[in-house]
Amino acid sequence: MIRIDILTVVPELLESPLNYSIVKRARDKSLVEIIVHDIREYGKGRYHQVDDYPFGGDAGMVLMIEPIFKIISKLEREREYDEVIYLSPDGDLLDQATSNMLSCKSNLILLCGHYKGIDHRIREHLITKEISIGNYVLSGGELPAAILCDSIIRLIPGAISDETSALSDSFQDDLLAPPIYTRPAEFNGWRVPDVLLSGNPKLIKEWQERESTERTKRLRPKLFNDGD
Ligand code: SAM
């Protein structure tokens, strides 16, 4: 069982992504425990302040160090964490290898930034890993955290059924997945490739491998060359 603690100032943003489909089923089966912490509960003073103006006079608000230090210290007193991850546009780009690696861990903390970001001392002293979901900027780390959770959780044995095995998905073997089809075999004059209807597992497998290779060369040439 993996335990994932997510720290956020907008817990509502995580409600839907973490409570449906495969992630929900994995939680129901106790394959993963996800606890969402509202940073505001650890905020400063009567108004539970969590953000302040940046030194240097730039625009935007910055998440303060004290509330985040309080939660992380409390959690770290309770158990040992494998990684304290900050979701950040300038972090390491998320890829399948990172998700595979994190799916083997026991305890993870995910910190979602918001507004202009977080006090840099948090990154220097409390964070062990920084992950980006792409070279673009979102309003908060909640959707990136949900994406990271989804990509990790679907890899936990038992989270998805055999026939949709995560191991046959794109990137697991440095190849993109082949095209897939379902009934009807013909729609609007558009036919499913004959080989898939042949009932010959050997021919089907060969066709899928060829398609995977061709699609990877065409759509992700760098992945294809790096995987060699
Ligand atoms: N000022 C920051 C910068 O220029 O890098 C951007 C802050 S962004 C508006 C607010 C928060 O959203 C960040 O602290 C981070 O947690 C999250 N975030 C935004 N884009 C992200 C991305 N591509 N990957 C991961 N987290 C992201």
# chains A, B, ... in the order shown; residues from 1 in each chain; ligands from 1
>>> select_by_dssp(residues="segment 62-203 of chain A", states="helix (DSSP H, G or I)", output="number ranges by chain")
A: 65-78, 96-102, 120-125, 142-153, 162-164, 166-168, 194-197, 201-203
>>> residues_near_ligand(ligand="ligand 1", cutoff="7 Å", atoms="only C-alpha atoms and all ligand atoms", output="list of chain:residue names")
A:Tyr86, A:Leu87, A:Ser88, A:Pro89, A:Asp90, A:Cys112, A:Gly113, A:His114, A:Tyr115, A:Lys116, A:Gly117, A:Ile118, A:Ile131, A:Ser132, A:Ile133, A:Gly134, A:Asn135, A:Tyr136, A:Val137, A:Leu138, A:Ser139, A:Gly140, A:Gly141, A:Pro144
>>> write_last_selection(atoms="N, CA and C atoms", output="mmCIF file, in the first residue's frame")
data_model
loop_
_atom_site.group_PDB
_atom_site.id
_atom_site.type_symbol
_atom_site.label_atom_id
_atom_site.label_comp_id
_atom_site.auth_asym_id
_atom_site.auth_seq_id
_atom_site.Cartn_x
_atom_site.Cartn_y
_atom_site.Cartn_z
ATOM 1 N N TYR A 86 7.729 18.492 -4.852
ATOM 2 C CA TYR A 86 7.080 19.758 -5.186
ATOM 3 C C TYR A 86 6.740 19.732 -6.671
ATOM 4 N N LEU A 87 5.462 19.957 -7.002
ATOM 5 C CA LEU A 87 5.055 20.046 -8.409
ATOM 6 C C LEU A 87 5.410 21.441 -8.891
ATOM 7 N N SER A 88 6.248 21.516 -9.894
ATOM 8 C CA SER A 88 6.760 22.820 -10.313
ATOM 9 C C SER A 88 7.045 22.832 -11.813
ATOM 10 N N PRO A 89 6.713 23.935 -12.514
ATOM 11 C CA PRO A 89 6.968 23.954 -13.964
ATOM 12 C C PRO A 89 8.437 23.747 -14.314
ATOM 13 N N ASP A 90 9.353 24.127 -13.397
ATOM 14 C CA ASP A 90 10.776 23.969 -13.725
ATOM 15 C C ASP A 90 11.384 22.698 -13.124
ATOM 16 N N CYS A 112 1.578 21.082 -3.565
ATOM 17 C CA CYS A 112 1.051 21.862 -4.695
ATOM 18 C C CYS A 112 1.302 23.339 -4.414
ATOM 19 N N GLY A 113 1.988 24.001 -5.318
ATOM 20 C CA GLY A 113 2.132 25.447 -5.178
ATOM 21 C C GLY A 113 0.876 26.135 -5.684
ATOM 22 N N HIS A 114 0.789 27.442 -5.452
ATOM 23 C CA HIS A 114 -0.332 28.229 -5.980
ATOM 24 C C HIS A 114 0.140 29.669 -6.095
ATOM 25 N N TYR A 115 -0.702 30.508 -6.679
ATOM 26 C CA TYR A 115 -0.355 31.922 -6.866
ATOM 27 C C TYR A 115 0.968 32.027 -7.637
ATOM 28 N N LYS A 116 1.918 32.810 -7.105
ATOM 29 C CA LYS A 116 3.193 33.018 -7.808
ATOM 30 C C LYS A 116 4.151 31.842 -7.545
ATOM 31 N N GLY A 117 3.811 31.012 -6.569
ATOM 32 C CA GLY A 117 4.676 29.886 -6.216
ATOM 33 C C GLY A 117 4.888 29.800 -4.713
ATOM 34 N N ILE A 118 5.993 29.165 -4.296
ATOM 35 C CA ILE A 118 6.241 28.971 -2.867
ATOM 36 C C ILE A 118 7.569 29.619 -2.477
ATOM 37 N N ILE A 131 8.930 17.926 -9.676
ATOM 38 C CA ILE A 131 8.399 17.311 -10.901
ATOM 39 C C ILE A 131 7.523 18.306 -11.648
ATOM 40 N N SER A 132 7.744 18.371 -12.956
ATOM 41 C CA SER A 132 6.926 19.199 -13.844
ATOM 42 C C SER A 132 6.108 18.278 -14.739
ATOM 43 N N ILE A 133 4.878 18.681 -15.061
ATOM 44 C CA ILE A 133 4.118 17.860 -16.017
ATOM 45 C C ILE A 133 4.231 18.413 -17.435
ATOM 46 N N GLY A 134 5.038 19.452 -17.624
ATOM 47 C CA GLY A 134 5.235 19.959 -18.984
ATOM 48 C C GLY A 134 5.705 21.392 -18.960
ATOM 49 N N ASN A 135 6.220 21.834 -20.096
ATOM 50 C CA ASN A 135 6.772 23.186 -20.183
ATOM 51 C C ASN A 135 5.683 24.217 -20.468
ATOM 52 N N TYR A 136 4.801 24.356 -19.517
ATOM 53 C CA TYR A 136 3.761 25.384 -19.561
ATOM 54 C C TYR A 136 3.361 25.639 -18.117
ATOM 55 N N VAL A 137 2.701 26.774 -17.879
ATOM 56 C CA VAL A 137 2.399 27.136 -16.491
ATOM 57 C C VAL A 137 0.906 27.040 -16.216
ATOM 58 N N LEU A 138 0.566 26.306 -15.166
ATOM 59 C CA LEU A 138 -0.815 26.190 -14.707
ATOM 60 C C LEU A 138 -0.994 27.075 -13.477
ATOM 61 N N SER A 139 -2.238 27.219 -13.038
ATOM 62 C CA SER A 139 -2.504 28.122 -11.911
ATOM 63 C C SER A 139 -2.101 27.515 -10.573
ATOM 64 N N GLY A 140 -2.056 26.191 -10.512
ATOM 65 C CA GLY A 140 -1.713 25.551 -9.247
ATOM 66 C C GLY A 140 -1.166 24.159 -9.474
ATOM 67 N N GLY A 141 -0.606 23.566 -8.420
ATOM 68 C CA GLY A 141 -0.015 22.232 -8.537
ATOM 69 C C GLY A 141 -1.012 21.105 -8.358
ATOM 70 N N PRO A 144 -1.435 18.962 -11.690
ATOM 71 C CA PRO A 144 -0.220 18.139 -11.814
ATOM 72 C C PRO A 144 -0.140 17.037 -10.756
#
>>> closest_atom_pairs(of="segment 125-156 of chain A", to="segment 97-102 of chain A", cutoff="8 Å", atoms="only C-alpha atoms", output="tab-separated table")
residue	atom	partner	partner_atom	distance
A:Leu148	CA	A:Ser99	CA	7.3
A:Ser151	CA	A:Ser99	CA	6.0
A:Ile152	CA	A:Ser99	CA	5.1
A:Leu155	CA	A:Asn100	CA	7.0
>>> write_last_selection(atoms="C-alpha atoms", output="PDB file, in the first residue's frame")
ATOM      1  CA  LEU A 148       1.139  12.243 -10.980  1.00  0.00           C
ATOM      2  CA  SER A 151       0.117   7.729 -13.372  1.00  0.00           C
ATOM      3  CA  ILE A 152       1.517   6.095 -10.205  1.00  0.00           C
ATOM      4  CA  LEU A 155       0.835   0.860 -11.944  1.00  0.00           C
TER       5      LEU A 155
END
>>> residues_around(residues="segment 48-56 of chain A", least_positions_apart="4", cutoff="10 Å", atoms="only C-alpha atoms", output="PyMOL selection string")
chain A and resi 9+39-44+60-68+114-119
>>> residues_around(residues="Ile35 of chain A", least_positions_apart="4", cutoff="9 Å", atoms="only C-alpha atoms", output="MDAnalysis selection string")
chainID A and resid 3:7
>>> select_by_dssp(residues="segment 51-122 of chain A", states="strand (DSSP E)", output="MDAnalysis selection string")
chainID A and resid 51:52 62:63 83:93 107:112
>>> atom_distance(atom1="atom CA of Val32 of chain A", atom2="atom CA of Glu78 of chain A")
17.6 Å
>>> atom_distance(atom1="atom CA of Pro179 of chain A", atom2="atom CA of Leu93 of chain A")
25.8 Å
>>> atom_distance(atom1="atom CA of Lys222 of chain A", atom2="atom CA of Leu175 of chain A")
10.9 Å
>>> closest_residue(among="A:Ser170, A:Thr182, A:Ser30, A:Ser103", to="Leu223 of chain A", atoms="only C-alpha atoms")
A:Ser170
>>> residues_around(residues="segment 194-207 of chain A", least_positions_apart="6", cutoff="9 Å", atoms="only C-alpha atoms", output="JSON, numbers by chain")
{"A": [178, 181, 185]}
>>> write_last_selection(atoms="all heavy atoms", output="short mmCIF file (atom, residue, chain, number, x, y, z; two decimals), in the first residue's frame")
data_model
loop_
_atom_site.label_atom_id
_atom_site.label_comp_id
_atom_site.auth_asym_id
_atom_site.auth_seq_id
_atom_site.Cartn_x
_atom_site.Cartn_y
_atom_site.Cartn_z
N PRO A 178 0.22 0.27 -30.08
CA PRO A 178 -0.34 0.19 -31.44
C PRO A 178 -1.78 0.71 -31.44
O PRO A 178 -2.37 0.86 -30.38
CB PRO A 178 -0.32 -1.32 -31.73
CG PRO A 178 -0.40 -1.96 -30.39
CD PRO A 178 0.29 -1.04 -29.42
N TYR A 181 -8.95 -0.95 -31.78
CA TYR A 181 -10.29 -0.83 -32.39
C TYR A 181 -11.26 -1.68 -31.59
O TYR A 181 -10.87 -2.60 -30.89
CB TYR A 181 -10.28 -1.35 -33.83
CG TYR A 181 -9.28 -0.67 -34.74
CD1 TYR A 181 -7.95 -1.11 -34.78
CD2 TYR A 181 -9.65 0.39 -35.56
CE1 TYR A 181 -7.02 -0.50 -35.61
CE2 TYR A 181 -8.71 1.00 -36.40
CZ TYR A 181 -7.41 0.55 -36.42
OH TYR A 181 -6.49 1.16 -37.24
N ALA A 185 -16.92 -3.95 -36.78
CA ALA A 185 -15.71 -4.13 -37.60
C ALA A 185 -15.70 -3.17 -38.78
O ALA A 185 -14.64 -2.84 -39.32
CB ALA A 185 -15.63 -5.58 -38.09
#
>>> residues_around(residues="Ser165 of chain A", least_positions_apart="6", cutoff="10 Å", atoms="only C-alpha atoms", output="PyMOL selection string")
chain A and resi 154-155+157-159
>>> closest_atom_pairs(of="segment 126-198 of chain A", to="segment 10-27 of chain A", cutoff="7 Å", atoms="only C-alpha atoms", output="JSON lines")
{"residue": "A:Glu142", "atom": "CA", "partner": "A:Leu14", "partner_atom": "CA", "distance": 6.3}
{"residue": "A:Ala146", "atom": "CA", "partner": "A:Pro17", "partner_atom": "CA", "distance": 6.2}
{"residue": "A:Asp150", "atom": "CA", "partner": "A:Val23", "partner_atom": "CA", "distance": 6.4}
{"residue": "A:Ile153", "atom": "CA", "partner": "A:Val23", "partner_atom": "CA", "distance": 6.5}
{"residue": "A:Arg154", "atom": "CA", "partner": "A:Ile22", "partner_atom": "CA", "distance": 6.8}
{"residue": "A:Ala159", "atom": "CA", "partner": "A:Ala26", "partner_atom": "CA", "distance": 5.2}
{"residue": "A:Ile160", "atom": "CA", "partner": "A:Ile22", "partner_atom": "CA", "distance": 6.8}
>>> closest_residue(among="A:Met1, A:Leu94, A:Ile147, A:Ile180", to="Ser106 of chain A", atoms="only C-alpha atoms")
A:Met1
